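Trainee: My structure is in input00.cif, and what it holds is mmCIF, C-alpha atoms:
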```cif
data_target
#
loop_
_atom_site.group_PDB
_atom_site.id
_atom_site.type_symbol
_atom_site.label_atom_id
_atom_site.label_comp_id
_atom_site.auth_asym_id
_atom_site.auth_seq_id
_atom_site.Cartn_x
_atom_site.Cartn_y
_atom_site.Cartn_z
ATOM 1 C CA MET A 1 40.152 7.757 -24.001
ATOM 2 C CA LEU A 2 40.318 6.271 -20.532
ATOM 3 C CA PRO A 3 37.551 8.469 -19.006
ATOM 4 C CA LEU A 4 35.284 7.549 -21.906
ATOM 5 C CA ALA A 5 35.980 3.867 -21.367
ATOM 6 C CA GLY A 6 35.323 4.300 -17.647
ATOM 7 C CA PHE A 7 32.032 6.008 -18.386
ATOM 8 C CA ALA A 8 31.035 3.284 -20.832
ATOM 9 C CA LEU A 9 31.849 0.662 -18.212
ATOM 10 C CA ILE A 10 29.638 2.389 -15.649
ATOM 11 C CA VAL A 11 26.783 2.662 -18.168
ATOM 12 C CA VAL A 12 27.073 -1.034 -19.010
ATOM 13 C CA LEU A 13 27.146 -1.957 -15.308
ATOM 14 C CA LEU A 14 24.078 0.180 -14.637
ATOM 15 C CA ALA A 15 22.178 -1.334 -17.576
ATOM 16 C CA PHE A 16 23.140 -4.808 -16.400
ATOM 17 C CA GLY A 17 22.028 -4.001 -12.866
ATOM 18 C CA ILE A 18 18.665 -2.666 -13.998
ATOM 19 C CA SER A 19 17.925 -5.636 -16.249
ATOM 20 C CA TRP A 20 19.080 -8.067 -13.566
ATOM 21 C CA MET A 21 16.777 -6.439 -11.040
ATOM 22 C CA ARG A 22 13.833 -6.648 -13.406
ATOM 23 C CA GLU A 23 14.586 -10.224 -14.351
ATOM 24 C CA ASN A 24 14.827 -11.343 -10.750
ATOM 25 C CA ARG A 25 11.973 -9.146 -9.599
ATOM 26 C CA MET A 26 14.196 -7.595 -6.963
ATOM 27 C CA ASN A 27 11.511 -5.201 -5.823
ATOM 28 C CA GLU A 28 9.428 -8.114 -4.615
ATOM 29 C CA VAL A 29 9.596 -8.775 -0.938
ATOM 30 C CA PRO A 30 9.994 -12.520 -0.494
ATOM 31 C CA SER A 31 7.403 -13.811 1.928
ATOM 32 C CA PRO A 32 8.792 -15.362 5.096
ATOM 33 C CA LEU A 33 5.419 -17.080 5.497
ATOM 34 C CA ILE A 34 5.970 -19.717 2.819
ATOM 35 C CA GLY A 35 6.124 -23.102 4.504
ATOM 36 C CA LYS A 36 4.385 -21.683 7.572
ATOM 37 C CA PRO A 37 0.759 -22.047 8.614
ATOM 38 C CA ALA A 38 -1.516 -19.415 7.141
ATOM 39 C CA PRO A 39 -2.435 -16.879 9.818
ATOM 40 C CA SER A 40 -5.763 -17.512 11.447
ATOM 41 C CA PHE A 41 -8.480 -15.030 10.666
ATOM 42 C CA THR A 42 -12.169 -14.463 11.129
ATOM 43 C CA LEU A 43 -13.647 -12.050 8.645
ATOM 44 C CA PRO A 44 -17.132 -11.156 7.452
ATOM 45 C CA LEU A 45 -18.379 -12.357 4.087
ATOM 46 C CA LEU A 46 -18.855 -9.742 1.392
ATOM 47 C CA HIS A 47 -22.307 -10.966 0.436
ATOM 48 C CA ALA A 48 -23.426 -11.721 4.002
ATOM 49 C CA PRO A 49 -21.608 -9.332 6.349
ATOM 50 C CA GLU A 50 -23.381 -10.729 9.390
ATOM 51 C CA GLN A 51 -21.730 -14.103 8.804
ATOM 52 C CA SER A 52 -18.115 -14.612 9.624
ATOM 53 C CA PHE A 53 -15.722 -16.905 7.883
ATOM 54 C CA SER A 54 -12.455 -18.251 9.184
ATOM 55 C CA GLU A 55 -9.533 -20.224 7.849
ATOM 56 C CA SER A 56 -10.729 -23.288 9.758
ATOM 57 C CA ASP A 57 -13.737 -23.392 7.416
ATOM 58 C CA LEU A 58 -11.241 -24.232 4.696
ATOM 59 C CA ARG A 59 -9.155 -26.741 6.594
ATOM 60 C CA GLY A 60 -8.734 -30.114 4.959
ATOM 61 C CA LYS A 61 -8.532 -28.939 1.369
ATOM 62 C CA PRO A 62 -6.129 -26.727 -0.518
ATOM 63 C CA TYR A 63 -7.298 -23.321 -1.660
ATOM 64 C CA LEU A 64 -6.132 -20.200 -3.416
ATOM 65 C CA LEU A 65 -6.541 -16.901 -1.630
ATOM 66 C CA ASN A 66 -6.641 -13.972 -4.010
ATOM 67 C CA VAL A 67 -6.217 -10.447 -2.617
ATOM 68 C CA PHE A 68 -8.242 -8.010 -4.710
ATOM 69 C CA ALA A 69 -9.956 -4.644 -4.494
ATOM 70 C CA SER A 70 -12.125 -2.503 -6.711
ATOM 71 C CA TRP A 71 -9.499 0.268 -6.559
ATOM 72 C CA CYS A 72 -6.799 -2.093 -7.807
ATOM 73 C CA PHE A 73 -6.020 -1.632 -11.495
ATOM 74 C CA ALA A 74 -3.640 -4.553 -11.756
ATOM 75 C CA CYS A 75 -6.426 -6.806 -10.472
ATOM 76 C CA LEU A 76 -8.201 -6.226 -13.770
ATOM 77 C CA ASP A 77 -5.182 -7.665 -15.576
ATOM 78 C CA GLU A 78 -5.639 -11.059 -14.000
ATOM 79 C CA HIS A 79 -9.404 -10.930 -13.698
ATOM 80 C CA PRO A 80 -10.316 -12.430 -17.107
ATOM 81 C CA LEU A 81 -7.913 -15.289 -16.426
ATOM 82 C CA LEU A 82 -9.496 -15.927 -13.030
ATOM 83 C CA MET A 83 -12.941 -15.844 -14.639
ATOM 84 C CA ALA A 84 -11.883 -18.406 -17.231
ATOM 85 C CA GLU A 85 -9.896 -20.716 -14.974
ATOM 86 C CA ALA A 86 -11.410 -20.509 -11.504
ATOM 87 C CA ARG A 87 -13.881 -23.352 -12.008
ATOM 88 C CA ARG A 88 -11.227 -25.565 -13.566
ATOM 89 C CA LEU A 89 -8.680 -25.263 -10.779
ATOM 90 C CA GLY A 90 -10.289 -27.966 -8.686
ATOM 91 C CA VAL A 91 -9.754 -25.949 -5.512
ATOM 92 C CA PRO A 92 -11.764 -23.060 -4.070
ATOM 93 C CA LEU A 93 -10.685 -19.592 -5.090
ATOM 94 C CA VAL A 94 -11.190 -17.448 -2.031
ATOM 95 C CA GLY A 95 -11.549 -13.731 -2.671
ATOM 96 C CA PHE A 96 -9.859 -11.489 -0.113
ATOM 97 C CA ASN A 97 -11.405 -8.060 -0.545
ATOM 98 C CA TYR A 98 -8.687 -5.716 0.688
ATOM 99 C CA LYS A 99 -9.350 -2.245 2.105
ATOM 100 C CA ASP A 100 -12.366 -1.712 -0.058
ATOM 101 C CA GLU A 101 -15.887 -0.373 0.256
ATOM 102 C CA ALA A 102 -18.385 -3.244 0.179
ATOM 103 C CA ASP A 103 -20.587 -1.422 -2.333
ATOM 104 C CA ASP A 104 -17.637 -0.687 -4.615
ATOM 105 C CA ALA A 105 -16.531 -4.296 -4.455
ATOM 106 C CA LYS A 106 -20.011 -5.576 -5.296
ATOM 107 C CA ARG A 107 -20.329 -3.163 -8.194
ATOM 108 C CA TRP A 108 -16.897 -4.194 -9.465
ATOM 109 C CA LEU A 109 -17.842 -7.880 -9.313
ATOM 110 C CA ALA A 110 -21.202 -7.258 -10.981
ATOM 111 C CA ARG A 111 -19.449 -5.464 -13.802
ATOM 112 C CA PHE A 112 -16.457 -7.729 -14.409
ATOM 113 C CA GLY A 113 -17.755 -11.033 -13.055
ATOM 114 C CA ASP A 114 -17.263 -12.966 -9.855
ATOM 115 C CA PRO A 115 -14.789 -15.853 -10.086
ATOM 116 C CA TYR A 116 -14.694 -16.511 -6.344
ATOM 117 C CA SER A 117 -16.113 -19.415 -4.350
ATOM 118 C CA VAL A 118 -16.368 -17.199 -1.313
ATOM 119 C CA ILE A 119 -15.296 -13.632 -0.578
ATOM 120 C CA VAL A 120 -14.072 -12.374 2.773
ATOM 121 C CA VAL A 121 -13.734 -8.697 3.615
ATOM 122 C CA ASP A 122 -10.727 -7.107 5.306
ATOM 123 C CA ARG A 123 -11.869 -3.520 5.487
ATOM 124 C CA GLU A 124 -9.091 -2.318 7.795
ATOM 125 C CA GLY A 125 -6.315 -4.423 6.316
ATOM 126 C CA ARG A 126 -5.348 -5.957 9.670
ATOM 127 C CA VAL A 127 -5.522 -9.569 8.554
ATOM 128 C CA ALA A 128 -3.694 -8.549 5.388
ATOM 129 C CA ILE A 129 -0.756 -7.446 7.544
ATOM 130 C CA ASP A 130 -0.713 -10.908 9.125
ATOM 131 C CA PHE A 131 -0.489 -12.362 5.625
ATOM 132 C CA GLY A 132 2.322 -9.956 4.752
ATOM 133 C CA VAL A 133 0.247 -8.370 2.011
ATOM 134 C CA TYR A 134 1.734 -5.134 0.726
ATOM 135 C CA GLY A 135 -0.297 -4.554 -2.388
ATOM 136 C CA ALA A 136 -2.909 -6.040 -4.600
ATOM 137 C CA PRO A 137 -3.227 -8.344 -6.325
ATOM 138 C CA GLU A 138 -1.457 -11.046 -4.376
ATOM 139 C CA THR A 139 -2.309 -14.714 -4.409
ATOM 140 C CA PHE A 140 -1.536 -17.353 -1.809
ATOM 141 C CA LEU A 141 -1.682 -21.092 -2.294
ATOM 142 C CA VAL A 142 -2.578 -22.836 0.955
ATOM 143 C CA ASP A 143 -2.452 -26.618 1.256
ATOM 144 C CA ALA A 144 -4.843 -29.009 2.995
ATOM 145 C CA ASP A 145 -2.937 -28.636 6.261
ATOM 146 C CA GLY A 146 -3.355 -24.880 6.173
ATOM 147 C CA VAL A 147 0.288 -24.224 5.254
ATOM 148 C CA ILE A 148 1.149 -21.472 2.776
ATOM 149 C CA ARG A 149 3.008 -23.137 -0.080
ATOM 150 C CA TYR A 150 3.344 -20.371 -2.614
ATOM 151 C CA LYS A 151 2.772 -16.662 -2.998
ATOM 152 C CA ARG A 152 2.369 -14.671 -6.165
ATOM 153 C CA ILE A 153 2.953 -10.939 -5.922
ATOM 154 C CA GLY A 154 1.249 -9.061 -8.724
ATOM 155 C CA PRO A 155 -1.218 -10.296 -11.320
ATOM 156 C CA ILE A 156 -1.371 -13.932 -12.301
ATOM 157 C CA ASN A 157 -0.831 -14.487 -16.002
ATOM 158 C CA PRO A 158 -1.291 -17.647 -18.092
ATOM 159 C CA MET A 159 2.396 -18.512 -17.793
ATOM 160 C CA ILE A 160 2.446 -18.169 -14.008
ATOM 161 C CA LEU A 161 -0.727 -20.215 -13.785
ATOM 162 C CA ALA A 162 0.674 -22.983 -15.976
ATOM 163 C CA THR A 163 4.188 -23.121 -14.548
ATOM 164 C CA GLU A 164 3.852 -22.046 -10.923
ATOM 165 C CA ILE A 165 0.341 -22.739 -9.717
ATOM 166 C CA LYS A 166 -1.098 -25.693 -11.620
ATOM 167 C CA PRO A 167 1.898 -28.007 -11.043
ATOM 168 C CA ARG A 168 1.669 -27.310 -7.313
ATOM 169 C CA LEU A 169 -2.073 -27.980 -7.312
ATOM 170 C CA ALA A 170 -1.508 -31.204 -9.220
ATOM 171 C CA ALA A 171 1.164 -32.300 -6.745
ATOM 172 C CA MET A 172 -1.183 -31.556 -3.859
ATOM 173 C CA ALA A 173 -4.035 -33.485 -5.465
ATOM 174 C CA LYS A 174 -1.683 -36.458 -5.893
ATOM 175 C CA GLY A 175 -0.618 -36.185 -2.283
ATOM 176 C CA ASP A 176 -4.231 -36.380 -1.184
ATOM 177 C CA SER A 177 -5.075 -39.662 -2.868
ATOM 178 C CA MET B 1 22.479 45.631 -1.687
ATOM 179 C CA ARG B 2 18.878 44.595 -2.304
ATOM 180 C CA PRO B 3 19.662 41.397 -4.161
ATOM 181 C CA PHE B 4 22.022 40.413 -1.390
ATOM 182 C CA VAL B 5 19.337 40.899 1.263
ATOM 183 C CA MET B 6 16.888 38.885 -0.811
ATOM 184 C CA ALA B 7 19.400 36.119 -1.246
ATOM 185 C CA CYS B 8 19.946 36.052 2.503
ATOM 186 C CA GLY B 9 16.221 35.846 3.079
ATOM 187 C CA LEU B 10 15.916 32.981 0.621
ATOM 188 C CA ALA B 11 18.810 31.172 2.229
ATOM 189 C CA VAL B 12 17.156 31.438 5.629
ATOM 190 C CA LEU B 13 13.877 30.176 4.171
ATOM 191 C CA PHE B 14 15.556 27.164 2.599
ATOM 192 C CA ALA B 15 17.442 26.428 5.785
ATOM 193 C CA LEU B 16 14.189 26.493 7.744
ATOM 194 C CA ALA B 17 12.452 24.311 5.160
ATOM 195 C CA GLY B 18 15.165 21.732 5.698
ATOM 196 C CA ALA B 19 14.579 21.812 9.422
ATOM 197 C CA VAL B 20 10.907 20.883 9.165
ATOM 198 C CA PRO B 21 10.730 17.182 9.921
ATOM 199 C CA ALA B 22 9.709 15.308 6.804
ATOM 200 C CA PHE B 23 7.210 12.942 8.356
ATOM 201 C CA ALA B 24 4.181 11.749 6.564
ATOM 202 C CA ILE B 25 1.775 13.354 8.962
ATOM 203 C CA ASP B 26 -0.990 11.428 10.555
ATOM 204 C CA VAL B 27 -2.205 12.406 13.922
ATOM 205 C CA LEU B 28 -1.404 9.775 16.475
ATOM 206 C CA PRO B 29 -2.386 10.515 20.045
ATOM 207 C CA PHE B 30 1.043 10.497 21.665
ATOM 208 C CA LYS B 31 0.869 10.929 25.397
ATOM 209 C CA ASP B 32 4.181 12.751 25.630
ATOM 210 C CA ARG B 33 7.230 13.840 23.706
ATOM 211 C CA ALA B 34 9.239 10.775 24.714
ATOM 212 C CA GLU B 35 6.659 8.413 23.271
ATOM 213 C CA GLU B 36 6.540 10.382 20.050
ATOM 214 C CA GLN B 37 10.312 10.319 19.772
ATOM 215 C CA ARG B 38 10.432 6.603 20.390
ATOM 216 C CA PHE B 39 7.792 6.111 17.705
ATOM 217 C CA GLN B 40 9.563 8.292 15.154
ATOM 218 C CA ASN B 41 12.867 6.648 15.894
ATOM 219 C CA LEU B 42 11.351 3.207 15.352
ATOM 220 C CA ALA B 43 9.446 4.224 12.223
ATOM 221 C CA ARG B 44 12.637 5.619 10.722
ATOM 222 C CA GLN B 45 14.325 2.222 11.060
ATOM 223 C CA LEU B 46 11.532 0.474 9.215
ATOM 224 C CA ARG B 47 11.118 0.364 5.504
ATOM 225 C CA CYS B 48 7.932 1.030 3.605
ATOM 226 C CA LEU B 49 7.101 -2.051 1.519
ATOM 227 C CA VAL B 50 5.264 -0.150 -1.180
ATOM 228 C CA CYS B 51 7.733 2.605 -2.006
ATOM 229 C CA GLN B 52 10.820 0.757 -1.031
ATOM 230 C CA ASN B 53 13.227 3.651 -0.743
ATOM 231 C CA GLU B 54 11.232 5.375 1.934
ATOM 232 C CA SER B 55 11.064 4.686 5.615
ATOM 233 C CA LEU B 56 7.815 4.027 7.391
ATOM 234 C CA ALA B 57 8.166 7.469 8.935
ATOM 235 C CA ASP B 58 8.342 9.234 5.577
ATOM 236 C CA SER B 59 5.969 7.251 3.436
ATOM 237 C CA SER B 60 2.449 8.379 2.763
ATOM 238 C CA ALA B 61 1.456 5.038 1.247
ATOM 239 C CA ASP B 62 -1.719 3.560 2.630
ATOM 240 C CA LEU B 63 0.020 0.455 3.910
ATOM 241 C CA ALA B 64 2.682 2.570 5.620
ATOM 242 C CA LYS B 65 -0.088 4.356 7.464
ATOM 243 C CA ASP B 66 -1.599 1.033 8.541
ATOM 244 C CA LEU B 67 1.785 -0.189 9.706
ATOM 245 C CA ARG B 68 2.430 3.022 11.621
ATOM 246 C CA ASN B 69 -0.872 2.513 13.393
ATOM 247 C CA GLU B 70 0.081 -1.073 14.123
ATOM 248 C CA VAL B 71 3.463 -0.010 15.515
ATOM 249 C CA PHE B 72 1.813 2.656 17.639
ATOM 250 C CA GLU B 73 -0.762 0.250 19.029
ATOM 251 C CA GLN B 74 1.862 -2.317 19.888
ATOM 252 C CA MET B 75 3.904 0.362 21.655
ATOM 253 C CA ARG B 76 0.802 1.165 23.669
ATOM 254 C CA GLN B 77 0.448 -2.528 24.505
ATOM 255 C CA GLY B 78 3.864 -2.283 26.111
ATOM 256 C CA LYS B 79 5.816 -4.173 23.456
ATOM 257 C CA SER B 80 9.513 -3.465 23.129
ATOM 258 C CA ASP B 81 11.097 -2.155 19.924
ATOM 259 C CA ALA B 82 12.640 -5.586 19.359
ATOM 260 C CA GLU B 83 9.260 -7.292 19.734
ATOM 261 C CA ILE B 84 7.681 -4.931 17.235
ATOM 262 C CA LYS B 85 10.498 -5.540 14.768
ATOM 263 C CA THR B 86 10.098 -9.287 15.205
ATOM 264 C CA TYR B 87 6.384 -8.933 14.541
ATOM 265 C CA LEU B 88 7.066 -7.123 11.283
ATOM 266 C CA THR B 89 9.918 -9.337 10.075
ATOM 267 C CA ALA B 90 7.777 -12.439 10.663
ATOM 268 C CA ARG B 91 5.353 -11.032 8.099
ATOM 269 C CA TYR B 92 7.506 -9.007 5.742
ATOM 270 C CA SER B 93 10.982 -10.580 6.189
ATOM 271 C CA ASP B 94 14.193 -8.717 7.036
ATOM 272 C CA PHE B 95 13.327 -6.454 4.136
ATOM 273 C CA VAL B 96 11.404 -4.150 6.483
ATOM 274 C CA LEU B 97 14.531 -3.398 8.475
ATOM 275 C CA TYR B 98 16.812 -0.664 7.211
ATOM 276 C CA ASN B 99 19.493 -2.184 9.386
ATOM 277 C CA PRO B 100 19.523 -5.829 8.321
ATOM 278 C CA PRO B 101 20.820 -8.428 10.783
ATOM 279 C CA LEU B 102 24.212 -9.978 10.131
ATOM 280 C CA ARG B 103 23.731 -13.532 8.900
ATOM 281 C CA GLY B 104 24.633 -15.854 6.033
ATOM 282 C CA GLY B 105 22.573 -14.144 3.370
ATOM 283 C CA THR B 106 23.609 -10.627 4.322
ATOM 284 C CA ILE B 107 27.387 -11.060 4.584
ATOM 285 C CA LEU B 108 27.877 -9.595 1.100
ATOM 286 C CA LEU B 109 25.604 -6.709 2.011
ATOM 287 C CA TRP B 110 27.605 -5.907 5.128
ATOM 288 C CA PHE B 111 31.121 -6.484 3.864
ATOM 289 C CA GLY B 112 30.743 -5.931 0.118
ATOM 290 C CA PRO B 113 31.594 -2.224 0.397
ATOM 291 C CA LEU B 114 34.705 -3.088 2.399
ATOM 292 C CA VAL B 115 35.799 -5.484 -0.358
ATOM 293 C CA VAL B 116 35.255 -2.774 -2.989
ATOM 294 C CA LEU B 117 37.218 -0.286 -0.865
ATOM 295 C CA LEU B 118 40.061 -2.758 -0.470
ATOM 296 C CA GLY B 119 40.065 -3.369 -4.232
ATOM 297 C CA GLY B 120 40.314 0.377 -4.809
ATOM 298 C CA ALA B 121 43.143 0.712 -2.317
ATOM 299 C CA ILE B 122 45.076 -2.108 -4.009
ATOM 300 C CA ALA B 123 44.522 -0.493 -7.416
ATOM 301 C CA VAL B 124 45.835 2.843 -6.099
ATOM 302 C CA VAL B 125 48.928 1.230 -4.607
ATOM 303 C CA VAL B 126 49.668 -0.648 -7.836
ATOM 304 C CA ILE B 127 49.253 2.480 -9.983
ATOM 305 C CA VAL B 128 51.401 4.622 -7.692
ATOM 306 C CA ARG B 129 54.162 2.015 -7.634
ATOM 307 C CA ARG B 130 54.140 1.726 -11.416
ATOM 308 C CA ARG B 131 54.364 5.479 -11.829
ATOM 309 C CA ALA B 132 57.170 5.725 -9.335
ATOM 310 C CA ALA B 133 59.009 3.021 -11.236
ATOM 311 C CA ALA B 134 58.396 4.781 -14.560
ATOM 312 C CA ALA B 135 59.540 8.134 -13.162
ATOM 313 C CA ALA B 136 62.851 6.676 -12.066
ATOM 314 C CA PRO B 137 64.495 5.776 -15.410
ATOM 315 C CA GLY B 138 67.705 4.760 -13.685
ATOM 316 C CA ARG B 139 65.933 1.825 -12.119
ATOM 317 C CA ALA B 140 63.638 1.247 -15.053
ATOM 318 C CA ASN B 141 62.209 -2.251 -15.196
ATOM 319 C CA PRO B 142 60.755 -3.856 -18.310
ATOM 320 C CA ALA B 143 57.253 -4.004 -16.857
ATOM 321 C CA SER B 144 57.009 -0.232 -16.733
ATOM 322 C CA SER B 145 57.546 0.268 -20.451
ATOM 323 C CA LEU B 146 53.923 1.346 -20.799
ATOM 324 C CA PRO B 147 53.144 3.961 -23.420
ATOM 325 C CA PRO B 148 52.717 7.335 -21.728
ATOM 326 C CA SER B 149 49.051 7.902 -21.178
ATOM 327 C CA GLU B 150 47.663 11.240 -22.391
ATOM 328 C CA ASP B 151 44.999 11.474 -19.787
ATOM 329 C CA ASP B 152 45.945 10.369 -16.339
ATOM 330 C CA TRP B 153 43.097 10.226 -13.857
#
```
Output the file's structure as C-alpha cells, nothing else.
Mentor:
Amino acid sequence: MLPLAGFALIVVLLAFGISWMRENRMNEVPSPLIGKPAPSFTLPLLHAPEQSFSESDLRGKPYLLNVFASWCFACLDEHPLLMAEARRLGVPLVGFNYKDEADDAKRWLARFGDPYSVIVVDREGRVAIDFGVYGAPETFLVDADGVIRYKRIGPINPMILATEIKPRLAAMAKGDS
Amino acid sequence: MRPFVMACGLAVLFALAGAVPAFAIDVLPFKDRAEEQRFQNLARQLRCLVCQNESLADSSADLAKDLRNEVFEQMRQGKSDAEIKTYLTARYSDFVLYNPPLRGGTILLWFGPLVVLLGGAIAVVVIVRRRAAAAAPGRANPASSLPPSEDDW
C-alpha cells in the first residue's frame, strides 16, 4: 500500500508542478530591462531602406514596439487584434521586423494588413539582442522618457491588452497632462 | 562467437559516438585550439533562451547561433569571460547562466537540495530509531505500538 501511496504522491506533485509552471509562465525569461532605458538603435525602415530610424525619433512620447516576422506563426495570432486596435491605442505602434527578408515581410503585410505606424528592420538580429528578444512576437512598452515599462513575451490577446497594456498607457497619458 | 564479435563492434561504435563532441556546429574562425576551448567552455556555461534545457554550445536554435557569434566577436575584442557574461545577463537576466550567482532570490535554488537531503536524513534516523525500539520488546514504549507494516521500504 505504501509504495502505491508514494507513487500517487509523486504523480500529484508532478501534476502540481506542471500546472504551476504553466500558470506562472515559468518558461518566460523575465526581462532585466524593465525600468531601464530602451537600448539605442539606428535601423533602416522597411519601406525606405535608405532611411534610418532611431529611438531618438520617438523620444518624448510613449510607444509600443512590436517584434514580428513573416516566418513567425504566433505573430498571426495577435495580428488581427493589432489591426483592430492599433489606431485606437493613442500611441505609435512601431513594427520591429526581426530576422526577416524584406520582400517576405512586405508580402506578409500586404496579405494580412499593416497595423504599424513605422517599421524598422533588424535583419541580423543584433539590436534584438540588445532588447533581450529571444523569440517573436514580443512587445515592449516604452514611455516618453525612453524607459521600458513593460514587456509582453508571446502574442498579445484581448485580455492582455485590456489588463496589462491599456491601463499602463492610460496612466502614462495622465502623467503627461 | 560471431554474435559476440558483433556486439563488441557495436559497443565500440557506441562508445565512439559518445566521444564525438555534441556541439551545434557552426564554423567560427578560431585562431588556435586555446581560443576554441575557451569559447566552448564559455558557451557551455550559457543557456539557450529558446530551448531552455540546452546550453548555448549545444543548441541549434537561430538565436543561439546569433549569441554564439556575439560571444565570439566579444572574445575577439578582448573582453573577459566575466564581461561577456555581464553583457548577456544585462539583456537576458541571470537566466542565461547555468551557474546562477548566489543572492537573495537564488538562496532556495542553492540550498534547497541541502534542505531536502537533511529532511531525508532526519526521516531515516526517525524510522531506524522506531524500528530499533519495536525490535526490542523488553524496552517497548507505547509510541512504537504501530501495526506491523507488510511492505517496508
Trainee: Running the PyMOL selection byres ((chain B) within 12 of (chain A)) on this model by hand, what would come out? Give it as a PDB file with C-alpha atoms, in the frame of the given file.
Mentor:
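Generated file (selection12.pdb):
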```
ATOM      1  CA  ARG B  47      11.118   0.364   5.504  1.00  0.00           C
ATOM      2  CA  CYS B  48       7.932   1.030   3.605  1.00  0.00           C
ATOM      3  CA  LEU B  49       7.101  -2.051   1.519  1.00  0.00           C
ATOM      4  CA  VAL B  50       5.264  -0.150  -1.180  1.00  0.00           C
ATOM      5  CA  CYS B  51       7.733   2.605  -2.006  1.00  0.00           C
ATOM      6  CA  GLN B  52      10.820   0.757  -1.031  1.00  0.00           C
ATOM      7  CA  ASN B  53      13.227   3.651  -0.743  1.00  0.00           C
ATOM      8  CA  ALA B  61       1.456   5.038   1.247  1.00  0.00           C
ATOM      9  CA  ASP B  62      -1.719   3.560   2.630  1.00  0.00           C
ATOM     10  CA  LEU B  63       0.020   0.455   3.910  1.00  0.00           C
ATOM     11  CA  ALA B  64       2.682   2.570   5.620  1.00  0.00           C
ATOM     12  CA  LYS B  65      -0.088   4.356   7.464  1.00  0.00           C
ATOM     13  CA  ASP B  66      -1.599   1.033   8.541  1.00  0.00           C
ATOM     14  CA  LEU B  67       1.785  -0.189   9.706  1.00  0.00           C
ATOM     15  CA  ARG B  68       2.430   3.022  11.621  1.00  0.00           C
ATOM     16  CA  ASN B  69      -0.872   2.513  13.393  1.00  0.00           C
ATOM     17  CA  GLU B  70       0.081  -1.073  14.123  1.00  0.00           C
ATOM     18  CA  VAL B  71       3.463  -0.010  15.515  1.00  0.00           C
ATOM     19  CA  THR B  86      10.098  -9.287  15.205  1.00  0.00           C
ATOM     20  CA  TYR B  87       6.384  -8.933  14.541  1.00  0.00           C
ATOM     21  CA  LEU B  88       7.066  -7.123  11.283  1.00  0.00           C
ATOM     22  CA  THR B  89       9.918  -9.337  10.075  1.00  0.00           C
ATOM     23  CA  ALA B  90       7.777 -12.439  10.663  1.00  0.00           C
ATOM     24  CA  ARG B  91       5.353 -11.032   8.099  1.00  0.00           C
ATOM     25  CA  TYR B  92       7.506  -9.007   5.742  1.00  0.00           C
ATOM     26  CA  SER B  93      10.982 -10.580   6.189  1.00  0.00           C
ATOM     27  CA  ASP B  94      14.193  -8.717   7.036  1.00  0.00           C
ATOM     28  CA  PHE B  95      13.327  -6.454   4.136  1.00  0.00           C
ATOM     29  CA  VAL B  96      11.404  -4.150   6.483  1.00  0.00           C
ATOM     30  CA  LEU B  97      14.531  -3.398   8.475  1.00  0.00           C
ATOM     31  CA  SER B 149      49.051   7.902 -21.178  1.00  0.00           C
ATOM     32  CA  GLU B 150      47.663  11.240 -22.391  1.00  0.00           C
ATOM     33  CA  ASP B 151      44.999  11.474 -19.787  1.00  0.00           C
ATOM     34  CA  ASP B 152      45.945  10.369 -16.339  1.00  0.00           C
ATOM     35  CA  TRP B 153      43.097  10.226 -13.857  1.00  0.00           C
TER      36      TRP B 153
END
```
Trainee: Check the smallest atom-to-atom distance from each of A:His47, A:Arg111, A:Lys174, A:Arg168 to A:His79 using all atoms listed in the file, then report the winner.
Mentor: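 Among A:His47, A:Arg111, A:Lys174, A:Arg168, it is A:Arg111 that comes nearest to A:His79.
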Trainee: When distances are computed from only C-alpha atoms, which of A:Gly90, A:Val120, A:Pro62, A:Phe7 shows the smallest separation from A:Thr42?
Mentor: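 Using only C-alpha atoms, the shortest distance to A:Thr42 belongs to A:Val120.
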Trainee: Given the PyMOL selection byres ((chain B and resi 43) around 9) and the file above, list the residues it selects as JSON, numbers by chain.
Mentor: {"B": [38, 39, 40, 41, 42, 44, 45, 46, 47, 55, 56, 57, 58, 68, 71]}
Trainee: Provide the atom CA of A:Thr139 to atom CA of A:Leu64 distance in Å, to one decimal place.
Mentor: 6.8 Å
Trainee: Hey, which of A:Leu58, A:Ala84, A:Ala105, A:Leu93 ends up closest to A:Val118? Count only C-alpha atoms.
Mentor: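 Of A:Leu58, A:Ala84, A:Ala105, A:Leu93, the one nearest A:Val118 is A:Leu93, counting only C-alpha atoms.
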Trainee: If the box runs along x, y and z of the file and leaves 8 Å on each side of stretch 71-85 of chain A, what are its centre and edge lengths in Å, one decimal, as JSON?
Mentor:
```
{"center_x": -8.3, "center_y": -10.2, "center_z": -11.9, "size_x": 25.3, "size_y": 37.0, "size_z": 26.7}
```
Trainee: Complete stretch 77-84 of chain B with N, CA and C atoms (output as a short mmCIF file (atom, residue, chain, number, x, y, z; two decimals), in the coordinates of the input).
Mentor:
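Final file, out_2.cif:
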```cif
data_model
loop_
_atom_site.label_atom_id
_atom_site.label_comp_id
_atom_site.auth_asym_id
_atom_site.auth_seq_id
_atom_site.Cartn_x
_atom_site.Cartn_y
_atom_site.Cartn_z
N GLN B 77 0.64 -1.27 23.78
CA GLN B 77 0.45 -2.53 24.50
C GLN B 77 1.68 -2.89 25.34
N GLY B 78 2.69 -2.04 25.28
CA GLY B 78 3.86 -2.28 26.11
C GLY B 78 4.91 -3.17 25.46
N LYS B 79 4.81 -3.35 24.13
CA LYS B 79 5.82 -4.17 23.46
C LYS B 79 7.11 -3.38 23.28
N SER B 80 8.22 -4.12 23.32
CA SER B 80 9.51 -3.46 23.13
C SER B 80 9.76 -3.25 21.63
N ASP B 81 10.74 -2.39 21.33
CA ASP B 81 11.10 -2.15 19.92
C ASP B 81 11.45 -3.46 19.24
N ALA B 82 12.21 -4.31 19.95
CA ALA B 82 12.64 -5.59 19.36
C ALA B 82 11.43 -6.47 19.05
N GLU B 83 10.47 -6.47 19.96
CA GLU B 83 9.26 -7.29 19.73
C GLU B 83 8.49 -6.80 18.52
N ILE B 84 8.41 -5.50 18.37
CA ILE B 84 7.68 -4.93 17.24
C ILE B 84 8.40 -5.27 15.93
#
```
